[in-house]
file structure-v1.txt (compact mmCIF, C-alpha atoms and all ligand atoms)
# COMPACT_ATOMS: atom_id res chain seq x y z
CA MET A 243 84.65 31.87 90.64
CA ASP A 244 84.37 33.07 87.03
CA LYS A 245 82.09 35.98 86.40
CA ALA A 246 78.56 35.13 85.30
CA LYS A 247 76.84 37.09 82.56
CA CYS A 248 73.39 38.15 83.71
CA ALA A 249 70.42 39.91 82.18
CA ILE A 250 68.07 42.06 84.21
CA ALA A 251 64.80 43.82 83.38
CA LEU A 252 63.98 47.32 84.59
CA GLY A 253 60.51 48.80 84.77
CA SER A 254 58.83 51.85 86.28
CA ASN A 255 55.39 53.44 86.03
CA LEU A 256 55.24 55.71 89.10
CA GLY A 257 57.15 58.95 89.70
CA ASP A 258 59.74 60.28 87.25
CA SER A 259 60.31 56.93 85.57
CA LEU A 260 62.99 58.09 83.14
CA LEU A 261 65.05 59.61 85.96
CA ILE A 262 64.55 56.53 88.15
CA LEU A 263 65.71 54.16 85.40
CA GLU A 264 68.72 56.33 84.50
CA LYS A 265 69.72 56.57 88.18
CA THR A 266 69.37 52.80 88.53
CA ILE A 267 71.80 52.30 85.65
CA THR A 268 74.23 54.68 87.38
CA LEU A 269 73.84 52.84 90.70
CA LEU A 270 74.44 49.48 89.04
CA SER A 271 77.52 50.82 87.27
CA GLU A 272 78.86 52.07 90.62
CA THR A 273 78.25 48.80 92.50
CA PRO A 274 81.69 47.26 93.15
CA SER A 275 80.62 43.63 92.68
CA ILE A 276 78.88 44.33 89.37
CA ASP A 277 80.25 45.21 85.92
CA LEU A 278 77.59 46.89 83.84
CA ILE A 279 78.18 45.75 80.27
CA SER A 280 75.34 47.38 78.34
CA HIS A 281 71.78 48.56 78.54
CA SER A 282 68.99 48.91 76.04
CA HIS A 283 67.00 51.94 75.00
CA TRP A 284 63.91 52.67 77.09
CA TYR A 285 60.50 51.63 75.78
CA LYS A 286 57.11 53.02 76.65
CA THR A 287 54.91 49.98 77.16
CA ALA A 288 51.20 49.37 77.71
CA PRO A 289 50.59 47.88 81.19
CA ILE A 290 50.01 44.15 81.55
CA GLY A 291 47.73 43.36 84.51
CA PRO A 292 45.39 45.72 86.35
CA PRO A 293 44.65 49.15 84.82
CA GLN A 294 47.57 51.48 85.61
CA PRO A 295 49.84 54.02 83.86
CA ASP A 296 52.11 53.00 80.97
CA TYR A 297 55.54 51.70 81.96
CA LEU A 298 59.03 52.57 80.87
CA ASN A 299 60.93 49.34 80.42
CA GLY A 300 64.44 48.33 79.46
CA CYS A 301 67.08 45.66 80.04
CA ALA A 302 70.72 45.55 81.07
CA ILE A 303 73.55 43.05 80.84
CA LEU A 304 75.87 42.65 83.85
CA GLU A 305 78.81 40.52 84.82
CA THR A 306 79.30 39.50 88.42
CA CYS A 307 80.95 37.00 90.77
CA LEU A 308 77.94 37.26 93.09
CA ILE A 309 75.77 34.20 93.50
CA PRO A 310 72.21 34.72 92.15
CA GLU A 311 70.67 35.20 95.62
CA ALA A 312 73.21 37.93 96.46
CA LEU A 313 72.59 39.66 93.13
CA LEU A 314 68.83 39.52 93.78
CA GLN A 315 69.40 41.13 97.19
CA ILE A 316 71.27 44.02 95.57
CA LEU A 317 68.41 44.47 93.08
CA LEU A 318 65.82 44.43 95.89
CA ASN A 319 67.88 47.00 97.85
CA ILE A 320 67.97 49.32 94.84
CA GLU A 321 64.17 48.95 94.46
CA GLN A 322 63.83 49.99 98.11
CA GLN A 323 66.02 53.05 97.55
CA PHE A 324 63.40 54.30 95.11
CA GLY A 325 60.63 53.88 97.65
CA ARG A 326 59.16 50.73 96.18
CA ILE A 327 56.12 49.67 98.19
CA ARG A 328 54.70 46.23 97.48
CA ARG A 329 50.95 46.39 97.17
CA GLU A 330 48.95 44.36 94.67
CA LYS A 331 50.55 41.77 92.40
CA TRP A 332 51.44 43.36 89.08
CA GLY A 333 50.43 46.77 90.47
CA PRO A 334 52.14 50.12 89.73
CA ARG A 335 55.66 50.65 91.03
CA THR A 336 58.46 53.22 91.10
CA LEU A 337 60.98 50.53 90.21
CA ASP A 338 60.87 46.84 89.40
CA LEU A 339 64.11 44.93 88.85
CA ASP A 340 63.90 41.31 87.73
CA LEU A 341 66.79 38.91 87.32
CA LEU A 342 66.00 37.39 83.93
CA LEU A 343 69.01 35.20 83.16
CA TYR A 344 72.10 34.18 85.08
CA GLY A 345 74.40 32.55 82.53
CA ASP A 346 72.72 29.31 81.58
CA PHE A 347 71.75 28.50 85.18
CA ILE A 348 68.30 27.16 86.01
CA LEU A 349 67.20 27.88 89.58
CA GLU A 350 63.94 27.15 91.33
CA THR A 351 63.87 28.22 94.97
CA PRO A 352 61.02 29.78 97.00
CA ILE A 353 62.59 33.26 96.66
CA LEU A 354 64.22 33.05 93.24
CA GLN A 355 63.33 31.54 89.91
CA VAL A 356 65.83 31.92 87.08
CA PRO A 357 65.20 32.27 84.18
CA HIS A 358 62.43 34.63 85.29
CA PRO A 359 59.27 32.63 84.48
CA GLY A 360 57.42 35.57 82.92
CA MET A 361 60.12 36.65 80.50
CA ILE A 362 59.29 34.40 77.55
CA GLU A 363 55.80 35.83 77.10
CA ARG A 364 56.57 39.50 77.84
CA ALA A 365 57.21 41.68 74.80
CA PHE A 366 58.18 44.51 77.21
CA VAL A 367 61.15 42.32 78.23
CA LEU A 368 62.00 40.60 74.93
CA VAL A 369 62.04 43.76 72.79
CA PRO A 370 64.72 45.57 74.85
CA LEU A 371 66.60 42.35 75.61
CA SER A 372 66.81 41.50 71.91
CA GLU A 373 68.68 44.79 71.38
CA ILE A 374 71.53 43.81 73.71
CA ALA A 375 71.46 39.99 73.78
CA PRO A 376 69.72 38.73 70.62
CA ASN A 377 71.56 35.40 70.47
CA TRP A 378 71.49 34.45 74.18
CA ILE A 379 69.91 31.01 74.39
CA HIS A 380 67.18 30.72 77.02
CA PRO A 381 68.28 27.62 78.96
CA VAL A 382 64.75 26.23 79.45
CA ALA A 383 63.07 27.17 76.17
CA LYS A 384 66.32 26.40 74.30
CA LYS A 385 65.58 29.27 71.94
CA THR A 386 67.39 32.55 71.33
CA ILE A 387 65.90 35.83 72.53
CA ILE A 388 65.16 36.74 68.90
CA GLU A 389 63.31 33.45 68.38
CA LEU A 390 61.27 34.08 71.54
CA LEU A 391 60.58 37.65 70.43
CA ASN A 392 59.22 36.42 67.11
CA LYS A 393 56.51 34.50 69.00
CA VAL A 394 55.06 37.41 71.00
CA ASN A 395 52.81 40.30 70.06
CA CYS A 396 54.84 43.51 70.30
CA GLU A 397 51.88 45.88 70.04
CA GLY A 398 52.04 48.51 72.78
CA VAL A 399 55.86 48.39 73.08
CA ASN A 400 57.31 51.57 71.56
CA LEU A 401 60.74 53.15 71.64
CA TYR A 402 60.52 56.00 74.17
CA GLN A 403 61.25 59.45 72.83
CA PRO A 404 61.90 61.99 75.59
CA ARG A 405 59.53 64.93 75.14
CA ASP A 406 62.30 67.49 74.43
CA TYR A 407 63.40 65.33 71.59
CA ASN A 408 59.99 65.59 69.92
CA PHE A 409 60.16 69.38 69.89
CA LEU A 410 62.97 69.10 67.36
CA ASN A 411 60.79 67.19 64.87
N1 LIG B 501 64.03 36.10 88.78
C1 LIG B 501 63.54 36.90 89.75
N2 LIG B 501 63.80 38.23 89.74
C2 LIG B 501 63.29 39.04 90.70
N3 LIG B 501 62.53 38.61 91.74
C3 LIG B 501 62.25 37.30 91.79
C4 LIG B 501 62.72 36.38 90.81
N4 LIG B 501 62.30 35.13 91.13
C5 LIG B 501 61.59 35.25 92.26
N5 LIG B 501 61.55 36.53 92.66
C6 LIG B 501 60.87 36.97 93.88
O1 LIG B 501 59.79 37.76 93.51
C7 LIG B 501 59.70 38.83 94.42
C8 LIG B 501 59.34 40.06 93.65
O2 LIG B 501 58.03 40.06 93.46
P1 LIG B 501 57.38 41.30 92.73
O3 LIG B 501 56.45 41.97 93.69
O4 LIG B 501 58.44 42.18 92.09
O5 LIG B 501 56.60 40.53 91.61
P2 LIG B 501 55.93 41.19 90.40
O6 LIG B 501 56.97 42.09 89.78
O7 LIG B 501 54.62 41.81 90.84
O8 LIG B 501 55.64 40.00 89.42
P3 LIG B 501 56.64 39.40 88.37
O9 LIG B 501 57.77 38.79 89.13
O10 LIG B 501 55.79 38.42 87.63
O11 LIG B 501 57.12 40.52 87.48
C9 LIG B 501 61.07 39.06 95.00
O12 LIG B 501 60.96 39.41 96.35
C10 LIG B 501 61.79 37.78 94.77
O13 LIG B 501 61.97 37.04 95.95
N1 LIG B 502 54.12 47.01 80.41
C1 LIG B 502 54.42 46.48 81.60
N2 LIG B 502 53.47 45.87 82.33
C2 LIG B 502 53.78 45.33 83.52
C3 LIG B 502 55.10 45.40 84.02
C4 LIG B 502 56.09 46.05 83.24
O1 LIG B 502 57.27 46.15 83.65
N3 LIG B 502 55.71 46.58 82.04
N4 LIG B 502 55.40 44.84 85.22
C5 LIG B 502 54.48 44.22 85.91
C6 LIG B 502 54.84 43.57 87.18
O2 LIG B 502 56.10 43.06 87.17
C7 LIG B 502 53.08 44.14 85.50
N5 LIG B 502 52.83 44.73 84.24
call {"tool": "encode", "arguments": {"input": "structure-v1.txt", "output": "structure tokens", "more": "lines below"}}
Ligand SMILES: Nc1ncnc2c1ncn2[C@@H]1O[C@H](COP(=O)(O)OP(=O)(O)OP(=O)(O)O)[C@@H](O)[C@H]1O
Ligand SMILES: Nc1nc2c(c(=O)[nH]1)N=C(CO)CN2
result
Amino acid sequence: MDKAKCAIALGSNLGDSLLILEKTITLLSETPSIDLISHSHWYKTAPIGPPQPDYLNGCAILETCLIPEALLQILLNIEQQFGRIRREKWGPRTLDLDLLLYGDFILETPILQVPHPGMIERAFVLVPLSEIAPNWIHPVAKKTIIELLNKVNCEGVNLYQPRDYNFLN
């Protein structure tokens, strides 16, 4: 089977989010069945949903021979490694990994929907994704990531500057 190009979203708003996201990128890059192609900068984003701390969000592009369900399982395992406990829907979490796009596949099963249904309205996904995959055509909306980005309000999505960095300015 040819490798599929996939996009995933990463988010964290509990614990040391920067460290968790950086370690996740390392884990993905070390996973034998996955080639990590690129990842975006991290963005500090206002929470959507119940009141909770700001998130750090970003996106990554992978290539893999894994079928979507197997890739999802790897993502769920990595979430577990960071102590993810599922409580309320859209509640705070140490790590959230969503499979956004799997080539131009469209999948609707009880455990997996691809493209991820929330992605087209989420600036915290589209801003980082537009950095690394601006021209990827969303197979349902039939629009590029940049076109989708132009339709959402990007208020509250800001490039994350690590604190040490700010001391220099
Ligand atoms: N594209 C997808 N990526 C990740 N998980 C998915 C996807 N489609 C369906 N799921 C299912 O959703 C479950 C994850 O739910 P989770 O608690 O992370 O939802 P949420 O992050 O609160 O909401 P949302 O999915 O809207 O961001 C997984 O166990 C998985 O079976
Ligand atoms: N800013 C932001 N808000 C959220 C996020 C997220 O990753 N970033 N994830 C959620 C559940 O998936 C709910 N709300």
call {"tool": "closest_atom_pairs", "arguments": {"input": "structure-v1.txt", "of": "chain A", "to": "ligand LIG 501 (chain B)", "cutoff": "8 Å", "atoms": "only C-alpha atoms and all ligand atoms", "output": "tab-separated table"}}
result
residue	atom	partner	partner_atom	distance
A:Ile250	CA	B:LIG501	N2	8.0
A:Leu314	CA	B:LIG501	C2	6.4
A:Leu317	CA	B:LIG501	C2	7.8
A:Leu318	CA	B:LIG501	O12	7.0
A:Arg328	CA	B:LIG501	O3	6.0
A:Arg329	CA	B:LIG501	O3	7.9
A:Glu330	CA	B:LIG501	O7	7.3
A:Lys331	CA	B:LIG501	O7	4.4
A:Trp332	CA	B:LIG501	O7	4.0
A:Gly333	CA	B:LIG501	O7	6.5
A:Asp338	CA	B:LIG501	O4	5.9
A:Leu339	CA	B:LIG501	C2	6.2
A:Asp340	CA	B:LIG501	N2	3.7
A:Leu341	CA	B:LIG501	N2	3.9
A:Leu342	CA	B:LIG501	N1	5.4
A:Leu343	CA	B:LIG501	N1	7.6
A:Thr351	CA	B:LIG501	C5	7.9
A:Pro352	CA	B:LIG501	C5	7.3
A:Ile353	CA	B:LIG501	O13	3.9
A:Leu354	CA	B:LIG501	N4	3.5
A:Gln355	CA	B:LIG501	N4	3.9
A:Val356	CA	B:LIG501	N1	4.9
A:Pro357	CA	B:LIG501	N1	6.1
A:His358	CA	B:LIG501	N1	4.1
A:Pro359	CA	B:LIG501	N1	7.3
A:Gly360	CA	B:LIG501	O10	5.7
call {"tool": "closest_residue", "arguments": {"input": "structure-v1.txt", "among": "A:Ile276, A:Ile309, A:Ile290, A:Ile303", "to": "Ala365 of chain A", "atoms": "all atoms listed in the file"}}
result
A:Ile290
call {"tool": "atom_distance", "arguments": {"input": "structure-v1.txt", "atom1": "atom CA of Pro289 of chain A", "atom2": "atom CA of Ser254 of chain A"}}
result
10.5 Å
call {"tool": "residues_near_ligand", "arguments": {"input": "structure-v1.txt", "ligand": "ligand LIG 502 (chain B)", "cutoff": "6 Å", "atoms": "only C-alpha atoms and all ligand atoms", "output": "ChimeraX atom specification"}}
result
/A:253,287-291,297,299,332,366
call {"tool": "write_last_selection", "arguments": {"input": "structure-v1.txt", "atoms": "C-alpha atoms", "output": "PDB file, keeping the file's coordinate frame"}}
result
ATOM      1  CA  GLY A 253      60.510  48.800  84.770  1.00  0.00           C
ATOM      2  CA  THR A 287      54.910  49.980  77.160  1.00  0.00           C
ATOM      3  CA  ALA A 288      51.200  49.370  77.710  1.00  0.00           C
ATOM      4  CA  PRO A 289      50.590  47.880  81.190  1.00  0.00           C
ATOM      5  CA  ILE A 290      50.010  44.150  81.550  1.00  0.00           C
ATOM      6  CA  GLY A 291      47.730  43.360  84.510  1.00  0.00           C
ATOM      7  CA  TYR A 297      55.540  51.700  81.960  1.00  0.00           C
ATOM      8  CA  ASN A 299      60.930  49.340  80.420  1.00  0.00           C
ATOM      9  CA  TRP A 332      51.440  43.360  89.080  1.00  0.00           C
ATOM     10  CA  PHE A 366      58.180  44.510  77.210  1.00  0.00           C
TER      11      PHE A 366
END
call {"tool": "atom_distance", "arguments": {"input": "structure-v1.txt", "atom1": "atom CA of Arg335 of chain A", "atom2": "atom CA of Gly257 of chain A"}}
result
8.5 Å
call {"tool": "atom_distance", "arguments": {"input": "structure-v1.txt", "atom1": "atom CA of Ala375 of chain A", "atom2": "atom CA of Ser280 of chain A"}}
result
9.5 Å
call {"tool": "residues_around", "arguments": {"input": "structure-v1.txt", "residues": "Gly345 of chain A", "least_positions_apart": "4", "cutoff": "7 Å", "atoms": "only C-alpha atoms", "output": "list in words"}}
result
Ala246, Lys247 and Cys248 of chain A
call {"tool": "write_last_selection", "arguments": {"input": "structure-v1.txt", "atoms": "C-alpha atoms", "output": "JSON list (two decimals), in the frame of the given file"}}
result
[["chain", "number", "residue", "atom", "x", "y", "z"],
["A", 246, "ALA", "CA", 78.56, 35.13, 85.30],
["A", 247, "LYS", "CA", 76.84, 37.09, 82.56],
["A", 248, "CYS", "CA", 73.39, 38.15, 83.71]]
call {"tool": "closest_residue", "arguments": {"input": "structure-v1.txt", "among": "A:Ile374, A:Leu337, A:Leu391, A:Leu368", "to": "Ala302 of chain A", "atoms": "all atoms listed in the file"}}
result
A:Ile374
call {"tool": "closest_residue", "arguments": {"input": "structure-v1.txt", "among": "A:Cys307, A:Ala383, A:Ala312, A:Ile320", "to": "Leu252 of chain A", "atoms": "only C-alpha atoms"}}
result
A:Ile320
call {"tool": "residues_around", "arguments": {"input": "structure-v1.txt", "residues": "Val369 of chain A", "least_positions_apart": "5", "cutoff": "9 Å", "atoms": "all atoms listed in the file", "output": "PDB file with C-alpha atoms, in the frame of the given file"}}
result
ATOM      1  CA  TYR A 285      60.500  51.630  75.780  1.00  0.00           C
ATOM      2  CA  GLY A 300      64.440  48.330  79.460  1.00  0.00           C
ATOM      3  CA  ARG A 364      56.570  39.500  77.840  1.00  0.00           C
ATOM      4  CA  ILE A 387      65.900  35.830  72.530  1.00  0.00           C
ATOM      5  CA  ILE A 388      65.160  36.740  68.900  1.00  0.00           C
ATOM      6  CA  LEU A 391      60.580  37.650  70.430  1.00  0.00           C
ATOM      7  CA  CYS A 396      54.840  43.510  70.300  1.00  0.00           C
ATOM      8  CA  VAL A 399      55.860  48.390  73.080  1.00  0.00           C
TER       9      VAL A 399
END
call {"tool": "residues_around", "arguments": {"input": "structure-v1.txt", "residues": "Ser271 of chain A", "least_positions_apart": "3", "cutoff": "12 Å", "atoms": "all atoms listed in the file", "output": "JSON, numbers by chain"}}
result
{"A": [264, 265, 266, 267, 268, 274, 275, 276, 277, 278, 279, 280, 281, 302, 303, 304, 305, 306]}
call {"tool": "closest_residue", "arguments": {"input": "structure-v1.txt", "among": "A:Gln315, A:Thr336, A:Ser372, A:Thr273", "to": "Thr386 of chain A", "atoms": "all atoms listed in the file"}}
result
A:Ser372
call {"tool": "closest_residue", "arguments": {"input": "structure-v1.txt", "among": "A:Pro295, A:Val367, A:Pro404, A:Met243", "to": "Leu261 of chain A", "atoms": "only C-alpha atoms"}}
result
A:Pro404
